[in-house]
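Structure data follow from work.pdb (PDB, C-alpha atoms and all ligand atoms):
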```pdb
ATOM      1  CA  MET A   1     -52.138  33.300 -12.180  1.00  0.00           C
ATOM      2  CA  LYS A   2     -50.284  36.254 -10.736  1.00  0.00           C
ATOM      3  CA  THR A   3     -49.780  37.924 -14.117  1.00  0.00           C
ATOM      4  CA  ARG A   4     -53.510  38.274 -14.518  1.00  0.00           C
ATOM      5  CA  VAL A   5     -53.707  40.424 -11.394  1.00  0.00           C
ATOM      6  CA  THR A   6     -51.466  43.018 -13.007  1.00  0.00           C
ATOM      7  CA  SER A   7     -53.626  43.276 -16.117  1.00  0.00           C
ATOM      8  CA  ILE A   8     -55.661  46.423 -16.525  1.00  0.00           C
ATOM      9  CA  LEU A   9     -59.130  46.250 -15.086  1.00  0.00           C
ATOM     10  CA  VAL A  10     -61.098  46.051 -18.344  1.00  0.00           C
ATOM     11  CA  THR A  11     -58.878  43.268 -19.647  1.00  0.00           C
ATOM     12  CA  THR A  12     -59.263  41.400 -16.382  1.00  0.00           C
ATOM     13  CA  VAL A  13     -63.039  41.445 -16.683  1.00  0.00           C
ATOM     14  CA  LEU A  14     -62.814  40.192 -20.275  1.00  0.00           C
ATOM     15  CA  LEU A  15     -60.350  37.483 -19.316  1.00  0.00           C
ATOM     16  CA  ALA A  16     -62.508  36.392 -16.412  1.00  0.00           C
ATOM     17  CA  GLY A  17     -65.339  35.880 -18.892  1.00  0.00           C
ATOM     18  CA  LEU A  18     -63.108  33.880 -21.202  1.00  0.00           C
ATOM     19  CA  CYS A  19     -61.752  31.901 -18.298  1.00  0.00           C
ATOM     20  CA  ALA A  20     -65.245  30.858 -17.206  1.00  0.00           C
ATOM     21  CA  ALA A  21     -66.010  29.740 -20.775  1.00  0.00           C
ATOM     22  CA  GLY A  22     -62.752  27.792 -20.855  1.00  0.00           C
ATOM     23  CA  ALA A  23     -63.614  25.992 -17.645  1.00  0.00           C
ATOM     24  CA  ALA A  24     -66.911  24.897 -19.158  1.00  0.00           C
ATOM     25  CA  ASP A  25     -65.017  23.361 -22.066  1.00  0.00           C
ATOM     26  CA  LYS A  26     -62.871  21.495 -19.575  1.00  0.00           C
ATOM     27  CA  LYS A  27     -59.771  22.366 -21.522  1.00  0.00           C
ATOM     28  CA  HIS A  28     -57.746  22.017 -18.357  1.00  0.00           C
ATOM     29  CA  LEU A  29     -59.107  19.260 -16.216  1.00  0.00           C
ATOM     30  CA  GLY A  30     -58.409  19.447 -12.549  1.00  0.00           C
ATOM     31  CA  GLY A  31     -57.806  16.382 -10.475  1.00  0.00           C
ATOM     32  CA  PRO A  32     -60.975  15.520  -8.516  1.00  0.00           C
ATOM     33  CA  LYS A  33     -59.023  15.354  -5.247  1.00  0.00           C
ATOM     34  CA  GLY A  34     -57.492  18.762  -5.904  1.00  0.00           C
ATOM     35  CA  GLY A  35     -54.270  17.423  -7.352  1.00  0.00           C
ATOM     36  CA  ARG A  36     -52.601  17.646 -10.745  1.00  0.00           C
ATOM     37  CA  LEU A  37     -53.784  15.436 -13.591  1.00  0.00           C
ATOM     38  CA  LEU A  38     -50.815  14.139 -15.554  1.00  0.00           C
ATOM     39  CA  GLU A  39     -51.227  14.900 -19.258  1.00  0.00           C
ATOM     40  CA  LYS A  40     -51.878  12.128 -21.753  1.00  0.00           C
ATOM     41  CA  THR A  41     -52.087   9.383 -19.173  1.00  0.00           C
ATOM     42  CA  GLU A  42     -54.812   6.861 -19.945  1.00  0.00           C
ATOM     43  CA  PRO A  43     -56.512   6.191 -17.598  1.00  0.00           C
ATOM     44  CA  LYS A  44     -55.872   9.635 -16.195  1.00  0.00           C
ATOM     45  CA  ALA A  45     -53.442   9.763 -13.303  1.00  0.00           C
ATOM     46  CA  GLU A  46     -53.650  12.408 -10.603  1.00  0.00           C
ATOM     47  CA  PHE A  47     -50.657  13.491  -8.527  1.00  0.00           C
ATOM     48  CA  TYR A  48     -51.903  14.628  -5.135  1.00  0.00           C
ATOM     49  CA  LEU A  49     -49.802  15.967  -2.276  1.00  0.00           C
ATOM     50  CA  GLU A  50     -51.190  14.819   1.059  1.00  0.00           C
ATOM     51  CA  LYS A  51     -50.994  17.015   4.164  1.00  0.00           C
ATOM     52  CA  ASP A  52     -48.272  14.782   5.606  1.00  0.00           C
ATOM     53  CA  HIS A  53     -46.229  15.332   2.382  1.00  0.00           C
ATOM     54  CA  THR A  54     -46.673  11.837   1.069  1.00  0.00           C
ATOM     55  CA  VAL A  55     -47.963  11.600  -2.505  1.00  0.00           C
ATOM     56  CA  THR A  56     -51.031   9.704  -3.677  1.00  0.00           C
ATOM     57  CA  VAL A  57     -51.562   8.802  -7.336  1.00  0.00           C
ATOM     58  CA  THR A  58     -55.193   8.088  -8.199  1.00  0.00           C
ATOM     59  CA  PHE A  59     -56.523   6.883 -11.563  1.00  0.00           C
ATOM     60  CA  TYR A  60     -59.717   7.998 -13.283  1.00  0.00           C
ATOM     61  CA  ASP A  61     -61.684   6.992 -16.345  1.00  0.00           C
ATOM     62  CA  ALA A  62     -62.787   9.497 -19.022  1.00  0.00           C
ATOM     63  CA  THR A  63     -65.657  10.706 -16.836  1.00  0.00           C
ATOM     64  CA  LEU A  64     -63.268  11.218 -13.906  1.00  0.00           C
ATOM     65  CA  LYS A  65     -64.650   8.308 -11.951  1.00  0.00           C
ATOM     66  CA  PRO A  66     -61.932   6.754  -9.796  1.00  0.00           C
ATOM     67  CA  ILE A  67     -60.717   3.374 -10.986  1.00  0.00           C
ATOM     68  CA  ALA A  68     -58.264   0.940  -9.498  1.00  0.00           C
ATOM     69  CA  VAL A  69     -54.595   1.146 -10.326  1.00  0.00           C
ATOM     70  CA  GLY A  70     -53.440  -1.536 -12.744  1.00  0.00           C
ATOM     71  CA  ALA A  71     -49.872  -2.230 -13.786  1.00  0.00           C
ATOM     72  CA  GLN A  72     -48.801   1.429 -13.649  1.00  0.00           C
ATOM     73  CA  ALA A  73     -45.613   2.307 -11.838  1.00  0.00           C
ATOM     74  CA  VAL A  74     -44.635   5.726 -10.516  1.00  0.00           C
ATOM     75  CA  THR A  75     -41.435   7.210  -9.138  1.00  0.00           C
ATOM     76  CA  VAL A  76     -41.156  10.831  -8.003  1.00  0.00           C
ATOM     77  CA  ILE A  77     -37.848  12.672  -7.879  1.00  0.00           C
ATOM     78  CA  ALA A  78     -37.815  15.892  -5.865  1.00  0.00           C
ATOM     79  CA  ASP A  79     -35.057  18.411  -6.469  1.00  0.00           C
ATOM     80  CA  ALA A  80     -35.287  20.197  -3.118  1.00  0.00           C
ATOM     81  CA  LYS A  81     -32.800  22.694  -1.698  1.00  0.00           C
ATOM     82  CA  GLY A  82     -31.584  20.116   0.789  1.00  0.00           C
ATOM     83  CA  GLY A  83     -30.812  17.641  -1.969  1.00  0.00           C
ATOM     84  CA  LYS A  84     -32.590  15.220  -4.257  1.00  0.00           C
ATOM     85  CA  ALA A  85     -35.109  12.748  -2.892  1.00  0.00           C
ATOM     86  CA  THR A  86     -36.532   9.772  -4.745  1.00  0.00           C
ATOM     87  CA  LEU A  87     -39.930   8.446  -3.738  1.00  0.00           C
ATOM     88  CA  GLU A  88     -40.961   4.898  -4.528  1.00  0.00           C
ATOM     89  CA  PHE A  89     -44.634   3.955  -4.618  1.00  0.00           C
ATOM     90  CA  GLU A  90     -46.664   0.956  -3.567  1.00  0.00           C
ATOM     91  CA  LYS A  91     -50.241  -0.111  -4.132  1.00  0.00           C
ATOM     92  CA  LYS A  92     -52.636   0.665  -1.312  1.00  0.00           C
ATOM     93  CA  GLY A  93     -56.176  -0.338  -2.161  1.00  0.00           C
ATOM     94  CA  ASP A  94     -57.019   1.282  -5.507  1.00  0.00           C
ATOM     95  CA  VAL A  95     -54.273   3.902  -5.457  1.00  0.00           C
ATOM     96  CA  LEU A  96     -50.501   4.251  -5.421  1.00  0.00           C
ATOM     97  CA  VAL A  97     -48.988   5.860  -2.335  1.00  0.00           C
ATOM     98  CA  SER A  98     -45.416   6.967  -1.776  1.00  0.00           C
ATOM     99  CA  LYS A  99     -43.453   4.914   0.738  1.00  0.00           C
ATOM    100  CA  THR A 100     -41.645   8.040   1.921  1.00  0.00           C
ATOM    101  CA  LYS A 101     -42.423  11.754   2.139  1.00  0.00           C
ATOM    102  CA  LEU A 102     -41.479  14.634  -0.107  1.00  0.00           C
ATOM    103  CA  PRO A 103     -38.958  17.051   1.432  1.00  0.00           C
ATOM    104  CA  GLU A 104     -40.270  19.804   3.698  1.00  0.00           C
ATOM    105  CA  GLY A 105     -41.517  23.067   2.243  1.00  0.00           C
ATOM    106  CA  ASP A 106     -42.287  23.693  -1.418  1.00  0.00           C
ATOM    107  CA  GLY A 107     -41.111  25.717  -4.394  1.00  0.00           C
ATOM    108  CA  TYR A 108     -38.828  22.983  -5.689  1.00  0.00           C
ATOM    109  CA  ASN A 109     -39.075  21.007  -8.911  1.00  0.00           C
ATOM    110  CA  VAL A 110     -40.405  17.492  -9.052  1.00  0.00           C
ATOM    111  CA  VAL A 111     -40.256  14.921 -11.821  1.00  0.00           C
ATOM    112  CA  VAL A 112     -42.937  12.269 -11.937  1.00  0.00           C
ATOM    113  CA  GLN A 113     -41.678   9.239 -13.818  1.00  0.00           C
ATOM    114  CA  PHE A 114     -44.734   7.406 -14.988  1.00  0.00           C
ATOM    115  CA  LYS A 115     -44.780   3.953 -16.531  1.00  0.00           C
ATOM    116  CA  GLN A 116     -47.924   2.379 -17.918  1.00  0.00           C
ATOM    117  CA  THR A 117     -46.442  -1.011 -17.055  1.00  0.00           C
ATOM    118  CA  SER A 118     -43.167  -1.811 -15.345  1.00  0.00           C
ATOM    119  CA  ALA A 119     -41.713  -2.755 -18.750  1.00  0.00           C
ATOM    120  CA  ALA A 120     -42.943   0.380 -20.569  1.00  0.00           C
ATOM    121  CA  LYS A 121     -40.837   3.401 -21.416  1.00  0.00           C
ATOM    122  CA  PRO A 122     -41.253   6.038 -18.697  1.00  0.00           C
ATOM    123  CA  GLN A 123     -42.974   9.353 -19.374  1.00  0.00           C
ATOM    124  CA  ASN A 124     -41.561  12.253 -17.388  1.00  0.00           C
ATOM    125  CA  PHE A 125     -43.749  15.012 -15.988  1.00  0.00           C
ATOM    126  CA  ARG A 126     -41.861  17.983 -14.606  1.00  0.00           C
ATOM    127  CA  PHE A 127     -43.437  20.759 -12.594  1.00  0.00           C
ATOM    128  CA  LYS A 128     -42.804  23.010  -9.650  1.00  0.00           C
ATOM    129  CA  LEU A 129     -44.370  21.957  -6.395  1.00  0.00           C
ATOM    130  CA  GLU A 130     -46.096  25.163  -5.289  1.00  0.00           C
ATOM    131  CA  THR A 131     -48.685  24.668  -2.570  1.00  0.00           C
ATOM    132  CA  ASN A 132     -50.017  28.207  -2.185  1.00  0.00           C
ATOM    133  CA  ALA A 133     -53.538  28.675  -3.537  1.00  0.00           C
ATOM    134  CA  CYS A 134     -54.048  30.189  -6.981  1.00  0.00           C
ATOM    135  CA  ALA A 135     -56.030  33.434  -6.680  1.00  0.00           C
ATOM    136  CA  THR A 136     -58.196  32.507  -9.668  1.00  0.00           C
ATOM    137  CA  CYS A 137     -59.078  28.835  -9.395  1.00  0.00           C
ATOM    138  CA  LYS A 138     -58.337  28.486  -5.633  1.00  0.00           C
ATOM    139  CA  ARG A 139     -56.459  25.267  -6.264  1.00  0.00           C
ATOM    140  CA  ALA A 140     -52.867  24.727  -5.127  1.00  0.00           C
ATOM    141  CA  GLU A 141     -50.544  26.254  -7.741  1.00  0.00           C
ATOM    142  CA  TYR A 142     -49.050  22.885  -8.685  1.00  0.00           C
ATOM    143  CA  ALA A 143     -52.585  21.778  -9.603  1.00  0.00           C
ATOM    144  CA  CYS A 144     -53.745  25.117 -11.090  1.00  0.00           C
ATOM    145  CA  ILE A 145     -56.118  24.743 -14.034  1.00  0.00           C
ATOM    146  CA  CYS A 146     -55.988  28.344 -15.278  1.00  0.00           C
ATOM    147  CA  ASP A 147     -54.598  29.177 -18.714  1.00  0.00           C
ATOM    148  CA  GLU A 148     -50.949  30.171 -18.567  1.00  0.00           C
TER     149      GLU A 148
HETATM  150 ZN    ZN B 201     -55.455  28.759 -11.137  1.00  0.00          ZN
END
```
Structure re-expressed in C-alpha cells:
Amino acid sequence: MKTRVTSILVTTVLLAGLCAAGAADKKHLGGPKGGRLLEKTEPKAEFYLEKDHTVTVTFYDATLKPIAVGAQAVTVIADAKGGKATLEFEKKGDVLVSKTKLPEGDGYNVVVQFKQTSAAKPQNFRFKLETNACATCKRAEYACICDE
C-alpha cells in the first residue's frame, strides 16, 4: 500500500520481512485469476474485472481449485460518477458473468450482493474498484492482498 512507501527505510525492510511471512501463512488469499476473493463465501467466490469491464465470478474449493457455480446469485451495484449501474449475472459454463459492463474508468465504489441461493439473505461486499497495480503485491488495488 502507498502508506508503506512513506515509512522510514529500516521499518520498510522489517515490514517487507513480515509481509513475506504473512503471505506464506496465506492470511490474505488472492483470487487465482488476479481478482478479489469475497470474504466468508463458501465455496470461495472471486470477483474479477475483465479487460472489457464485464465481471466474472469464479468459485473455488478450499485448495483454490475452480469448481462450478451452483445456486449462487450475484448482483453488482456500481456507484460511478456518471450514476449508479446495476449488473445482473448469468451462468456461463462454470462461472457467473455479468450481462452488462461496469461503467468506464475506476475509483468508484461497488457493492457485490452475494446470495448463496436465490432464496438466501444477501451478503454485501463493498469495496473501491481501483485498477492500478499495488506497488507491493503487483495485483490490482481492488484485489490487493497486502495488510492494511
Ligand atoms: Zn498489495
Who sits within 8 Å of range 108-119 of chain A, all atoms listed in the file, same chain under 3 positions skipped, as an NGL selection string = :A and (71-81 or 122-130)
For Thr63 in chain A: contacts at 12 Å, all atoms listed in the file, fewer than 6 positions along chain excluded, given as a PDB file with C-alpha atoms, in the frame of the given file:
```pdb
ATOM      1  CA  LYS A  26     -62.871  21.495 -19.575  1.00  0.00           C
ATOM      2  CA  LEU A  29     -59.107  19.260 -16.216  1.00  0.00           C
ATOM      3  CA  GLY A  31     -57.806  16.382 -10.475  1.00  0.00           C
ATOM      4  CA  PRO A  32     -60.975  15.520  -8.516  1.00  0.00           C
ATOM      5  CA  GLU A  42     -54.812   6.861 -19.945  1.00  0.00           C
ATOM      6  CA  PRO A  43     -56.512   6.191 -17.598  1.00  0.00           C
ATOM      7  CA  LYS A  44     -55.872   9.635 -16.195  1.00  0.00           C
TER       8      LYS A  44
END
```
Nearest candidate to Gly70 in chain A (options A:Leu96, A:Cys134, A:Leu87, A:Val55; using all atoms listed in the file) = A:Leu96
Taking only C-alpha atoms and all ligand atoms into account, produce a table as a tab-separated table in which each residue of chain A with an atom at most 8 Å from an atom of ligand ZN 201 (chain B) appears once, together with its shortest atom pair and the distance in Å to one decimal, ordered by chain and rising number.
```
residue	atom	partner	partner_atom	distance
A:Met1	CA	B:ZN201	ZN	5.7
A:Ala133	CA	B:ZN201	ZN	7.8
A:Cys134	CA	B:ZN201	ZN	4.6
A:Ala135	CA	B:ZN201	ZN	6.5
A:Thr136	CA	B:ZN201	ZN	4.9
A:Cys137	CA	B:ZN201	ZN	4.0
A:Lys138	CA	B:ZN201	ZN	6.2
A:Arg139	CA	B:ZN201	ZN	6.1
A:Ala140	CA	B:ZN201	ZN	7.7
A:Glu141	CA	B:ZN201	ZN	6.5
A:Ala143	CA	B:ZN201	ZN	7.7
A:Cys144	CA	B:ZN201	ZN	4.0
A:Ile145	CA	B:ZN201	ZN	5.0
A:Cys146	CA	B:ZN201	ZN	4.2
A:Asp147	CA	B:ZN201	ZN	7.6
```
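Interatomic distance, CA of Glu104 in chain A to CA of Lys91 in chain A: 23.6 Å.
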Using only C-alpha atoms: which of A:Leu102, A:Ala68, A:Ala120, A:Leu37 has the shortest distance to Asp52 in chain A |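 Once distances to Asp52 in chain A are computed over only C-alpha atoms, the minimum belongs to A:Leu102.
The two atoms in question, CA of Ser98 in chain A and CA of Tyr60 in chain A, are spaced 18.4 Å apart.
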Just the residues within 8 Å of Thr54 in chain A, please, counting all atoms listed in the file, with nothing from its chain fewer than 2 positions along; format it as a VMD selection string.
-> chain A and resid 49 to 52 56 97 to 102
What would the file be for range 123-148 of chain A if you keep N, CA and C atoms and write it as a tab-separated table (two decimals), in the first residue's frame?
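Generated file (result.tsv):
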```
chain	number	residue	atom	x	y	z
A	123	GLN	N	-25.47	-11.24	1.20
A	123	GLN	CA	-24.33	-10.67	1.90
A	123	GLN	C	-23.81	-9.55	1.01
A	124	ASN	N	-23.48	-8.42	1.60
A	124	ASN	CA	-22.98	-7.30	0.80
A	124	ASN	C	-21.48	-7.13	0.99
A	125	PHE	N	-20.77	-7.03	-0.10
A	125	PHE	CA	-19.33	-6.76	-0.06
A	125	PHE	C	-19.09	-5.43	-0.74
A	126	ARG	N	-18.59	-4.48	0.03
A	126	ARG	CA	-18.33	-3.15	-0.52
A	126	ARG	C	-16.84	-2.92	-0.66
A	127	PHE	N	-16.41	-2.41	-1.77
A	127	PHE	CA	-15.01	-2.02	-1.92
A	127	PHE	C	-14.89	-1.03	-3.07
A	128	LYS	N	-13.74	-0.40	-3.12
A	128	LYS	CA	-13.48	0.58	-4.17
A	128	LYS	C	-12.83	-0.15	-5.34
A	129	LEU	N	-13.33	0.11	-6.52
A	129	LEU	CA	-12.76	-0.51	-7.70
A	129	LEU	C	-11.58	0.33	-8.18
A	130	GLU	N	-10.38	-0.07	-7.71
A	130	GLU	CA	-9.15	0.59	-8.14
A	130	GLU	C	-8.37	-0.40	-8.98
A	131	THR	N	-8.03	-0.01	-10.20
A	131	THR	CA	-7.39	-0.99	-11.10
A	131	THR	C	-5.88	-0.80	-11.23
A	132	ASN	N	-5.35	0.28	-10.65
A	132	ASN	CA	-3.89	0.45	-10.72
A	132	ASN	C	-3.21	-0.63	-9.88
A	133	ALA	N	-1.99	-0.99	-10.26
A	133	ALA	CA	-1.30	-2.09	-9.59
A	133	ALA	C	-0.74	-1.65	-8.26
A	134	CYS	N	-0.89	-2.48	-7.25
A	134	CYS	CA	-0.29	-2.24	-5.94
A	134	CYS	C	1.22	-2.39	-6.08
A	135	ALA	N	1.98	-1.47	-5.48
A	135	ALA	CA	3.44	-1.48	-5.60
A	135	ALA	C	4.03	-2.70	-4.90
A	136	THR	N	3.34	-3.24	-3.91
A	136	THR	CA	3.90	-4.33	-3.12
A	136	THR	C	3.56	-5.70	-3.68
A	137	CYS	N	2.29	-5.95	-3.90
A	137	CYS	CA	1.91	-7.30	-4.34
A	137	CYS	C	1.68	-7.38	-5.85
A	138	LYS	N	1.74	-6.22	-6.53
A	138	LYS	CA	1.60	-6.15	-8.00
A	138	LYS	C	0.21	-6.50	-8.51
A	139	ARG	N	-0.71	-6.75	-7.59
A	139	ARG	CA	-2.07	-7.04	-8.02
A	139	ARG	C	-2.82	-5.72	-8.18
A	140	ALA	N	-3.95	-5.74	-8.88
A	140	ALA	CA	-4.79	-4.55	-8.96
A	140	ALA	C	-5.21	-4.19	-7.53
A	141	GLU	N	-5.30	-2.89	-7.24
A	141	GLU	CA	-5.60	-2.46	-5.87
A	141	GLU	C	-6.90	-3.07	-5.33
A	142	TYR	N	-7.90	-3.23	-6.15
A	142	TYR	CA	-9.16	-3.80	-5.65
A	142	TYR	C	-8.99	-5.23	-5.20
A	143	ALA	N	-7.90	-5.89	-5.67
A	143	ALA	CA	-7.64	-7.28	-5.32
A	143	ALA	C	-6.36	-7.42	-4.48
A	144	CYS	N	-5.88	-6.29	-3.95
A	144	CYS	CA	-4.63	-6.27	-3.17
A	144	CYS	C	-4.73	-7.22	-1.98
A	145	ILE	N	-3.62	-7.94	-1.73
A	145	ILE	CA	-3.62	-8.89	-0.61
A	145	ILE	C	-2.67	-8.46	0.51
A	146	CYS	N	-2.18	-7.21	0.44
A	146	CYS	CA	-1.28	-6.72	1.48
A	146	CYS	C	-2.09	-6.39	2.73
A	147	ASP	N	-1.39	-6.37	3.89
A	147	ASP	CA	-2.06	-5.94	5.12
A	147	ASP	C	-2.36	-4.47	5.01
A	148	GLU	N	-3.46	-4.06	5.57
A	148	GLU	CA	-3.83	-2.63	5.51
A	148	GLU	C	-2.85	-1.81	6.32
```
